[in-house]
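Source file: query-v6.tsv; contents: TSV, C-alpha atoms.
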```tsv
chain	number	residue	atom	x	y	z
A	692	MET	CA	-87.74	2.93	-20.87
A	693	LEU	CA	-84.70	2.87	-23.12
A	694	ALA	CA	-81.05	3.78	-22.51
A	695	ILE	CA	-78.92	4.43	-25.61
A	696	PHE	CA	-75.12	4.49	-25.32
A	697	ASP	CA	-72.19	5.34	-27.49
A	698	VAL	CA	-69.49	2.66	-27.15
A	699	GLU	CA	-65.93	4.00	-27.37
A	700	GLY	CA	-65.29	6.46	-24.56
A	701	VAL	CA	-68.60	5.58	-22.90
A	702	LEU	CA	-69.07	1.80	-22.49
A	703	PHE	CA	-65.42	1.10	-23.32
A	704	ASP	CA	-62.73	3.20	-21.66
A	705	ALA	CA	-60.76	3.29	-24.92
A	706	GLU	CA	-60.80	4.07	-28.64
A	707	TYR	CA	-60.16	0.93	-30.68
A	708	LEU	CA	-58.47	2.08	-33.90
A	709	PRO	CA	-55.79	4.25	-32.21
A	710	ILE	CA	-54.75	1.21	-30.11
A	711	LEU	CA	-54.70	-0.98	-33.22
A	712	ALA	CA	-52.57	1.66	-34.95
A	713	GLU	CA	-49.87	1.28	-32.30
A	714	LYS	CA	-49.23	-2.20	-33.73
A	715	VAL	CA	-48.00	-0.63	-36.98
A	716	ASN	CA	-46.61	2.63	-35.58
A	717	LYS	CA	-49.36	4.71	-37.16
A	718	GLU	CA	-51.01	5.89	-33.94
A	719	LYS	CA	-50.29	9.57	-34.58
A	720	GLU	CA	-51.80	9.48	-38.05
A	721	ILE	CA	-54.86	7.47	-36.92
A	722	TRP	CA	-55.46	9.48	-33.76
A	723	GLU	CA	-55.38	12.71	-35.76
A	724	ILE	CA	-58.12	11.46	-38.12
A	725	THR	CA	-60.08	10.01	-35.15
A	726	ARG	CA	-59.90	13.35	-33.34
A	727	LYS	CA	-61.11	15.28	-36.40
A	728	GLY	CA	-63.97	12.81	-36.85
A	729	ILE	CA	-65.06	13.00	-33.20
A	730	GLN	CA	-64.93	16.79	-33.34
A	731	GLY	CA	-66.93	16.86	-36.55
A	732	LEU	CA	-64.14	18.54	-38.53
A	733	ILE	CA	-64.15	15.96	-41.33
A	734	ASN	CA	-66.76	13.75	-42.99
A	735	TRP	CA	-67.07	10.95	-40.49
A	736	GLU	CA	-67.56	8.07	-42.96
A	737	ASP	CA	-64.60	9.14	-45.10
A	738	GLY	CA	-62.48	9.43	-41.97
A	739	LEU	CA	-63.43	5.93	-40.88
A	740	ARG	CA	-62.55	4.43	-44.25
A	741	THR	CA	-59.23	6.29	-44.31
A	742	ARG	CA	-58.32	4.99	-40.86
A	743	VAL	CA	-59.20	1.38	-41.65
A	744	HIS	CA	-57.38	1.48	-44.98
A	745	ALA	CA	-54.26	2.80	-43.22
A	746	LEU	CA	-54.30	-0.38	-41.10
A	747	ARG	CA	-54.79	-2.82	-43.97
A	748	GLY	CA	-52.81	-6.02	-43.64
A	749	LEU	CA	-53.13	-6.37	-39.86
A	750	SER	CA	-53.98	-9.96	-38.95
A	751	TYR	CA	-57.43	-10.95	-37.71
A	752	ASP	CA	-55.82	-12.37	-34.55
A	753	THR	CA	-54.24	-9.01	-33.71
A	754	CYS	CA	-57.50	-7.15	-34.34
A	755	LYS	CA	-59.41	-9.64	-32.19
A	756	GLN	CA	-56.86	-9.58	-29.38
A	757	VAL	CA	-56.95	-5.77	-29.15
A	758	ALA	CA	-60.77	-5.86	-29.17
A	759	ASP	CA	-60.84	-8.46	-26.38
A	760	ASP	CA	-58.45	-6.40	-24.26
A	761	LEU	CA	-60.46	-3.15	-24.41
A	762	PRO	CA	-61.30	-2.12	-20.84
A	763	ILE	CA	-64.97	-1.72	-19.96
A	764	MET	CA	-65.76	1.71	-18.49
A	765	THR	CA	-65.86	2.02	-14.71
A	766	GLY	CA	-69.44	1.63	-13.54
A	767	ALA	CA	-70.76	0.34	-16.89
A	768	LYS	CA	-71.53	-3.20	-15.70
A	769	GLU	CA	-73.26	-2.02	-12.53
A	770	THR	CA	-75.30	0.59	-14.41
A	771	CYS	CA	-76.46	-1.83	-17.09
A	772	ARG	CA	-77.33	-4.44	-14.48
A	773	VAL	CA	-79.50	-2.00	-12.49
A	774	LEU	CA	-81.30	-0.73	-15.60
A	775	LYS	CA	-81.94	-4.25	-16.92
A	776	ALA	CA	-83.31	-5.32	-13.53
A	777	ALA	CA	-85.67	-2.34	-13.62
A	778	GLY	CA	-86.98	-3.45	-17.03
A	779	TRP	CA	-85.12	-0.97	-19.22
A	780	LYS	CA	-84.07	-1.77	-22.77
A	781	LEU	CA	-80.36	-1.16	-23.50
A	782	LEU	CA	-79.16	-0.12	-26.97
A	783	ALA	CA	-75.64	0.75	-28.10
A	784	VAL	CA	-74.90	2.62	-31.32
A	785	SER	CA	-71.23	2.46	-32.26
A	786	GLY	CA	-69.07	3.85	-35.01
A	787	GLY	CA	-66.80	0.96	-34.01
A	788	PHE	CA	-66.96	-2.66	-35.08
A	789	THR	CA	-68.74	-5.93	-34.35
A	790	ILE	CA	-65.36	-7.47	-33.45
A	791	MET	CA	-65.46	-5.36	-30.26
A	792	THR	CA	-69.19	-4.83	-29.68
A	793	ASP	CA	-70.18	-8.53	-29.75
A	794	ARG	CA	-68.28	-9.07	-26.50
A	795	LEU	CA	-69.77	-5.92	-24.99
A	796	LYS	CA	-73.32	-7.03	-25.83
A	797	GLU	CA	-72.63	-10.26	-23.98
A	798	GLU	CA	-70.90	-8.77	-20.94
A	799	LEU	CA	-73.31	-5.88	-20.39
A	800	GLY	CA	-76.51	-7.66	-21.37
A	801	LEU	CA	-77.33	-5.14	-24.10
A	802	ASP	CA	-80.55	-5.78	-26.01
A	803	TYR	CA	-79.13	-4.64	-29.34
A	804	VAL	CA	-75.99	-3.10	-30.78
A	805	TYR	CA	-75.59	-1.23	-34.06
A	806	SER	CA	-72.00	-1.17	-35.29
A	807	ASN	CA	-69.81	-1.39	-38.39
A	808	GLU	CA	-67.93	-4.40	-39.66
A	809	LEU	CA	-64.27	-4.92	-40.41
A	810	VAL	CA	-63.72	-6.97	-43.57
A	811	PHE	CA	-60.89	-9.53	-43.57
A	812	LYS	CA	-59.41	-11.23	-46.62
A	813	ASP	CA	-57.19	-14.28	-46.09
A	814	GLY	CA	-57.01	-13.46	-42.39
A	815	LYS	CA	-55.85	-9.87	-42.98
A	816	LEU	CA	-57.71	-6.60	-42.45
A	817	ASP	CA	-58.87	-5.31	-45.83
A	818	ASP	CA	-61.82	-2.93	-45.59
A	819	VAL	CA	-64.86	-1.79	-43.61
A	820	GLN	CA	-68.60	-2.19	-44.15
A	821	ILE	CA	-70.34	0.90	-42.81
A	822	HIS	CA	-73.77	0.28	-41.29
A	823	VAL	CA	-73.68	3.13	-38.76
A	824	THR	CA	-73.12	6.55	-40.33
A	825	SER	CA	-72.56	9.89	-38.63
A	826	ASP	CA	-76.35	10.03	-38.35
A	827	LYS	CA	-76.46	7.55	-35.49
A	828	ALA	CA	-80.10	8.41	-34.78
A	829	LYS	CA	-81.05	6.76	-38.08
A	830	SER	CA	-79.94	3.38	-36.72
A	831	ALA	CA	-81.52	3.94	-33.30
A	832	ARG	CA	-84.89	4.92	-34.77
A	833	VAL	CA	-85.40	1.41	-36.14
A	834	LYS	CA	-85.35	-0.16	-32.66
A	835	ILE	CA	-87.24	2.75	-31.06
A	836	ALA	CA	-90.10	2.10	-33.49
A	837	GLU	CA	-89.92	-1.66	-32.98
A	838	TRP	CA	-89.92	-1.33	-29.18
A	839	GLN	CA	-92.48	1.50	-29.29
A	840	GLU	CA	-90.51	3.74	-26.95
A	841	SER	CA	-91.64	7.34	-26.57
A	842	LYS	CA	-89.12	10.17	-26.69
A	843	GLU	CA	-89.49	11.22	-23.05
A	844	ASP	CA	-88.68	7.65	-21.93
A	845	ILE	CA	-85.33	7.59	-23.79
A	846	ILE	CA	-81.97	8.64	-22.36
A	847	VAL	CA	-78.82	9.00	-24.45
A	848	THR	CA	-75.25	8.97	-23.09
A	849	VAL	CA	-72.52	10.02	-25.56
A	850	ASP	CA	-69.20	11.86	-25.88
A	851	GLY	CA	-68.52	12.90	-29.50
A	852	ALA	CA	-69.79	15.27	-32.19
A	853	ASN	CA	-70.66	12.26	-34.35
A	854	ASP	CA	-73.22	11.27	-31.66
A	855	LEU	CA	-75.19	14.51	-31.65
A	856	THR	CA	-78.15	13.36	-33.75
A	857	LEU	CA	-79.01	10.94	-30.92
A	858	PHE	CA	-79.93	13.93	-28.77
A	859	ASP	CA	-82.79	14.64	-31.20
A	860	ILE	CA	-84.57	11.41	-30.27
A	861	CYS	CA	-84.34	11.42	-26.47
A	862	GLY	CA	-85.94	13.04	-23.47
A	863	LEU	CA	-82.69	13.20	-21.51
A	864	GLY	CA	-79.29	13.80	-23.17
A	865	ILE	CA	-76.16	13.14	-21.14
A	866	ALA	CA	-72.64	14.25	-22.09
A	867	PHE	CA	-70.13	11.80	-20.63
A	868	ARG	CA	-66.59	13.21	-20.47
A	869	ALA	CA	-67.54	14.80	-23.76
A	870	GLN	CA	-66.48	17.25	-26.45
A	871	ASP	CA	-67.57	20.85	-25.78
A	872	VAL	CA	-70.04	20.76	-28.68
A	873	VAL	CA	-71.77	17.80	-26.95
A	874	LYS	CA	-71.82	19.49	-23.54
A	875	GLU	CA	-73.54	22.50	-25.08
A	876	ARG	CA	-76.40	20.32	-26.31
A	877	ALA	CA	-76.72	17.99	-23.31
A	878	ASN	CA	-79.22	18.25	-20.46
A	879	VAL	CA	-76.68	16.86	-17.99
A	880	ILE	CA	-72.88	16.62	-18.00
A	881	ILE	CA	-70.85	13.89	-16.28
A	882	GLU	CA	-67.13	14.69	-15.93
A	883	GLU	CA	-66.14	11.87	-13.59
A	884	LYS	CA	-64.97	8.70	-15.32
A	885	ASN	CA	-67.68	6.56	-13.76
A	886	LEU	CA	-70.82	5.59	-15.63
A	887	SER	CA	-72.71	4.69	-12.45
A	888	ASN	CA	-73.31	8.45	-12.00
A	889	LEU	CA	-76.10	7.84	-14.51
A	890	ILE	CA	-78.27	6.14	-11.91
A	891	GLY	CA	-78.53	9.24	-9.70
A	892	ILE	CA	-79.34	11.36	-12.78
A	893	ILE	CA	-82.07	8.92	-13.86
A	894	ASN	CA	-83.55	8.79	-10.35
A	895	LYS	CA	-83.72	12.57	-10.23
A	896	HIS	CA	-85.17	12.98	-13.73
A	897	TYR	CA	-87.74	10.17	-13.61
A	898	LYS	CA	-88.34	10.32	-9.82
A	899	THR	CA	-87.35	6.67	-9.49
A	900	ASN	CA	-85.34	4.94	-6.79
A	901	LEU	CA	-82.93	2.68	-8.63
A	902	GLN	CA	-80.23	1.29	-6.33
A	903	LEU	CA	-76.70	0.43	-7.38
A	904	GLN	CA	-75.48	-2.91	-6.09
A	905	THR	CA	-71.85	-3.00	-5.09
A	906	VAL	CA	-70.14	-5.72	-7.06
A	907	ALA	CA	-67.77	-7.78	-4.97
```

Write out the structure in this file as structure tokens.
Amino acid sequence: MLAIFDVEGVLFDAEYLPILAEKVNKEKEIWEITRKGIQGLINWEDGLRTRVHALRGLSYDTCKQVADDLPIMTGAKETCRVLKAAGWKLLAVSGGFTIMTDRLKEELGLDYVYSNELVFKDGKLDDVQIHVTSDKAKSARVKIAEWQESKEDIIVTVDGANDLTLFDICGLGIAFRAQDVVKERANVIIEEKNLSNLIGIINKHYKTNLQLQTVA
């Protein structure tokens, strides 16, 4: 069994670049490009490069601090813990960056994360290396083959138009507080900002009896 997650807006309760943009008073400009990218109105890769280039010159320390302060989504830790205990594999595919996903991998016990990489020169943000394109399924397929997971045993939880290809590779597609275009394609929609709703959906779909532990 394999659970695949988007990161920003799903595992993190935030979008990274718009917060970073506040540091240089470019949040309006960056959020506008982010919005168009999420909605599929512009080429996603070009939009990502444009956003990163607009933030050139920001220090590594600032970029790291903002990444470390991103709040983890309500219910994400509990959900990942339950799935891991039940023997599931956990995979995240992010249009975001290793600077933020490395911490997430650690804290949520994810088996693997695909993400992009911010490039720093002399301690300043300079560019981006894109490993995850708008075809997120392309990244995911590598691990699916390696782990020999079958389509019906894969669930995908996402929120943006740039995540849609992931629905092609799963048996259960979940739209989490998502764009309308995602809701139209999903099998199940979660509107509440709490990822632990996933457990009930999984139990119903797979006829399992996974139990959430309350975390003190």

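The residue set within 7 Å of Thr765 (chain A), counting all atoms listed in the file and dropping same-chain residues fewer than 3 places from it, reads A:Lys884, A:Asn885, A:Leu886.
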
Prev. selection, C-alpha atoms, output as a PDB file, keeping the file's coordinate frame:
```pdb
ATOM      1  CA  LYS A 884     -64.970   8.700 -15.320  1.00  0.00           C
ATOM      2  CA  ASN A 885     -67.680   6.560 -13.760  1.00  0.00           C
ATOM      3  CA  LEU A 886     -70.820   5.590 -15.630  1.00  0.00           C
TER       4      LEU A 886
END
```

Next item on the list: Using all atoms listed in the file, find the one residue out of A:Cys771, A:Lys812, A:Thr856, A:Val819 that sits nearest to Glu797 (chain A).
Entry: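 For Glu797 (chain A), the nearest of the candidates is A:Cys771.
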
Next item on the list: Compare A:Val773, A:Val784, A:Leu903, A:Ala705 by their minimum atom-to-atom distance to Gly800 (chain A), counting all atoms listed in the file, and give me the closest one.
Entry: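 Closest candidate: A:Val773.
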
Checklist line | Contact residues around Ile881 (chain A) with all atoms listed in the file at 8 Å, ignoring same-chain residues under 3 positions, as a ChimeraX atom specification | finding: /A:865-868,884,888

Check: What lies within 12 Å of Ala852 (chain A) using all atoms listed in the file, ignoring chain neighbours under 4 positions off, as number ranges by chain?
Finding: A: 697, 725-735, 786, 825-827, 856-858, 866, 869-877

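The space between CA of Gln820 (chain A) and CA of Gly738 (chain A) spans 13.3 Å.
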
Notebook entry, point to check: Leaving out region 713-715 of chain A and any residue of its chain fewer than 2 positions from it, which residues lie within 12 Å of it when counting all atoms listed in the file, given as a list in words?
Noted result: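 So, after excluding close chain neighbours, the residues are Glu706, Tyr707, Leu708, Pro709, Ile710, Leu711, Lys717, Glu718, Lys719, Glu720, Ile721, Trp722, Ala745, Leu746, Arg747, Gly748, Leu749, Ser750, Thr753, Cys754, Gln756 and Val757 of chain A.
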
Note to self: Between A:Gly814, A:Gly864, A:Pro762, A:Gly851, which residue has the minimum interatomic distance to Ser785 (chain A), considering only C-alpha atoms?
What the structure shows: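 With only C-alpha atoms as the atom set, the closest residue is A:Gly851.
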
Six-sided padding of 4 Å per side, axis-aligned box over region 734-738 of chain A, centre and edges in Å, one decimal, as AutoDock Vina command-line options:
```
--center_x -65.0 --center_y 10.9 --center_z -42.8 --size_x 13.1 --size_y 13.7 --size_z 12.6
```

Check: Hey, what's within 9 Å of Ala831 (chain A) if we count all atoms listed in the file and toss same-chain stuff fewer than 5 positions away? As a PyMOL selection string, please?
Finding: chain A and resi 695+782-784+805+836+857+860

Item checked: Residue among A:Arg742, A:Ile763, A:Glu843, A:Ser830 lying closest to Asp817 (chain A), counting only C-alpha atoms ->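 Checking each candidate against Asp817 (chain A), we get A:Arg742 as the closest.
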
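Here CA of His896 (chain A) and CA of Ser806 (chain A) stand 29.0 Å from one another.
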
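Using all atoms listed in the file, the shortest contact distance between Ala694 (chain A) and any of A:Ile893, A:Ala758, A:Val743, A:Met764 is found at A:Ile893.
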
Margin query: So the first atom is CA of Lys780 (chain A) and the second is CA of Lys834 (chain A); what is the distance between them in Å, to one decimal place?
Written below: 10.1 Å

Using the atoms already present, construct N, CA and C atoms for region 758-772 of chain A and hand them back as a PDB file, in the frame of the given file.
```
ATOM      1  N   ALA A 758     -59.349  -6.032 -29.502  1.00  0.00           N
ATOM      2  CA  ALA A 758     -60.770  -5.860 -29.170  1.00  0.00           C
ATOM      3  C   ALA A 758     -61.099  -6.517 -27.826  1.00  0.00           C
ATOM      4  N   ASP A 759     -60.564  -7.719 -27.618  1.00  0.00           N
ATOM      5  CA  ASP A 759     -60.840  -8.460 -26.380  1.00  0.00           C
ATOM      6  C   ASP A 759     -60.213  -7.810 -25.155  1.00  0.00           C
ATOM      7  N   ASP A 760     -59.166  -7.030 -25.382  1.00  0.00           N
ATOM      8  CA  ASP A 760     -58.450  -6.400 -24.260  1.00  0.00           C
ATOM      9  C   ASP A 760     -58.981  -5.000 -23.912  1.00  0.00           C
ATOM     10  N   LEU A 761     -59.943  -4.488 -24.699  1.00  0.00           N
ATOM     11  CA  LEU A 761     -60.460  -3.150 -24.410  1.00  0.00           C
ATOM     12  C   LEU A 761     -61.109  -3.126 -23.027  1.00  0.00           C
ATOM     13  N   PRO A 762     -60.727  -2.165 -22.183  1.00  0.00           N
ATOM     14  CA  PRO A 762     -61.300  -2.120 -20.840  1.00  0.00           C
ATOM     15  C   PRO A 762     -62.724  -1.563 -20.839  1.00  0.00           C
ATOM     16  N   ILE A 763     -63.594  -2.221 -20.098  1.00  0.00           N
ATOM     17  CA  ILE A 763     -64.970  -1.720 -19.960  1.00  0.00           C
ATOM     18  C   ILE A 763     -64.952  -0.544 -18.988  1.00  0.00           C
ATOM     19  N   MET A 764     -65.727   0.483 -19.296  1.00  0.00           N
ATOM     20  CA  MET A 764     -65.760   1.710 -18.490  1.00  0.00           C
ATOM     21  C   MET A 764     -66.165   1.426 -17.042  1.00  0.00           C
ATOM     22  N   THR A 765     -65.499   2.105 -16.128  1.00  0.00           N
ATOM     23  CA  THR A 765     -65.860   2.020 -14.710  1.00  0.00           C
ATOM     24  C   THR A 765     -67.347   2.303 -14.540  1.00  0.00           C
ATOM     25  N   GLY A 766     -68.018   1.425 -13.832  1.00  0.00           N
ATOM     26  CA  GLY A 766     -69.440   1.630 -13.540  1.00  0.00           C
ATOM     27  C   GLY A 766     -70.393   1.154 -14.621  1.00  0.00           C
ATOM     28  N   ALA A 767     -69.865   0.734 -15.779  1.00  0.00           N
ATOM     29  CA  ALA A 767     -70.760   0.340 -16.890  1.00  0.00           C
ATOM     30  C   ALA A 767     -71.537  -0.936 -16.558  1.00  0.00           C
ATOM     31  N   LYS A 768     -70.853  -1.928 -16.013  1.00  0.00           N
ATOM     32  CA  LYS A 768     -71.530  -3.200 -15.700  1.00  0.00           C
ATOM     33  C   LYS A 768     -72.630  -2.997 -14.665  1.00  0.00           C
ATOM     34  N   GLU A 769     -72.300  -2.258 -13.607  1.00  0.00           N
ATOM     35  CA  GLU A 769     -73.260  -2.020 -12.530  1.00  0.00           C
ATOM     36  C   GLU A 769     -74.483  -1.263 -13.051  1.00  0.00           C
ATOM     37  N   THR A 770     -74.217  -0.238 -13.863  1.00  0.00           N
ATOM     38  CA  THR A 770     -75.300   0.590 -14.410  1.00  0.00           C
ATOM     39  C   THR A 770     -76.233  -0.226 -15.283  1.00  0.00           C
ATOM     40  N   CYS A 771     -75.644  -1.001 -16.190  1.00  0.00           N
ATOM     41  CA  CYS A 771     -76.460  -1.830 -17.090  1.00  0.00           C
ATOM     42  C   CYS A 771     -77.263  -2.865 -16.307  1.00  0.00           C
ATOM     43  N   ARG A 772     -76.645  -3.423 -15.287  1.00  0.00           N
ATOM     44  CA  ARG A 772     -77.330  -4.440 -14.480  1.00  0.00           C
ATOM     45  C   ARG A 772     -78.560  -3.844 -13.786  1.00  0.00           C
TER      46      ARG A 772
END
```
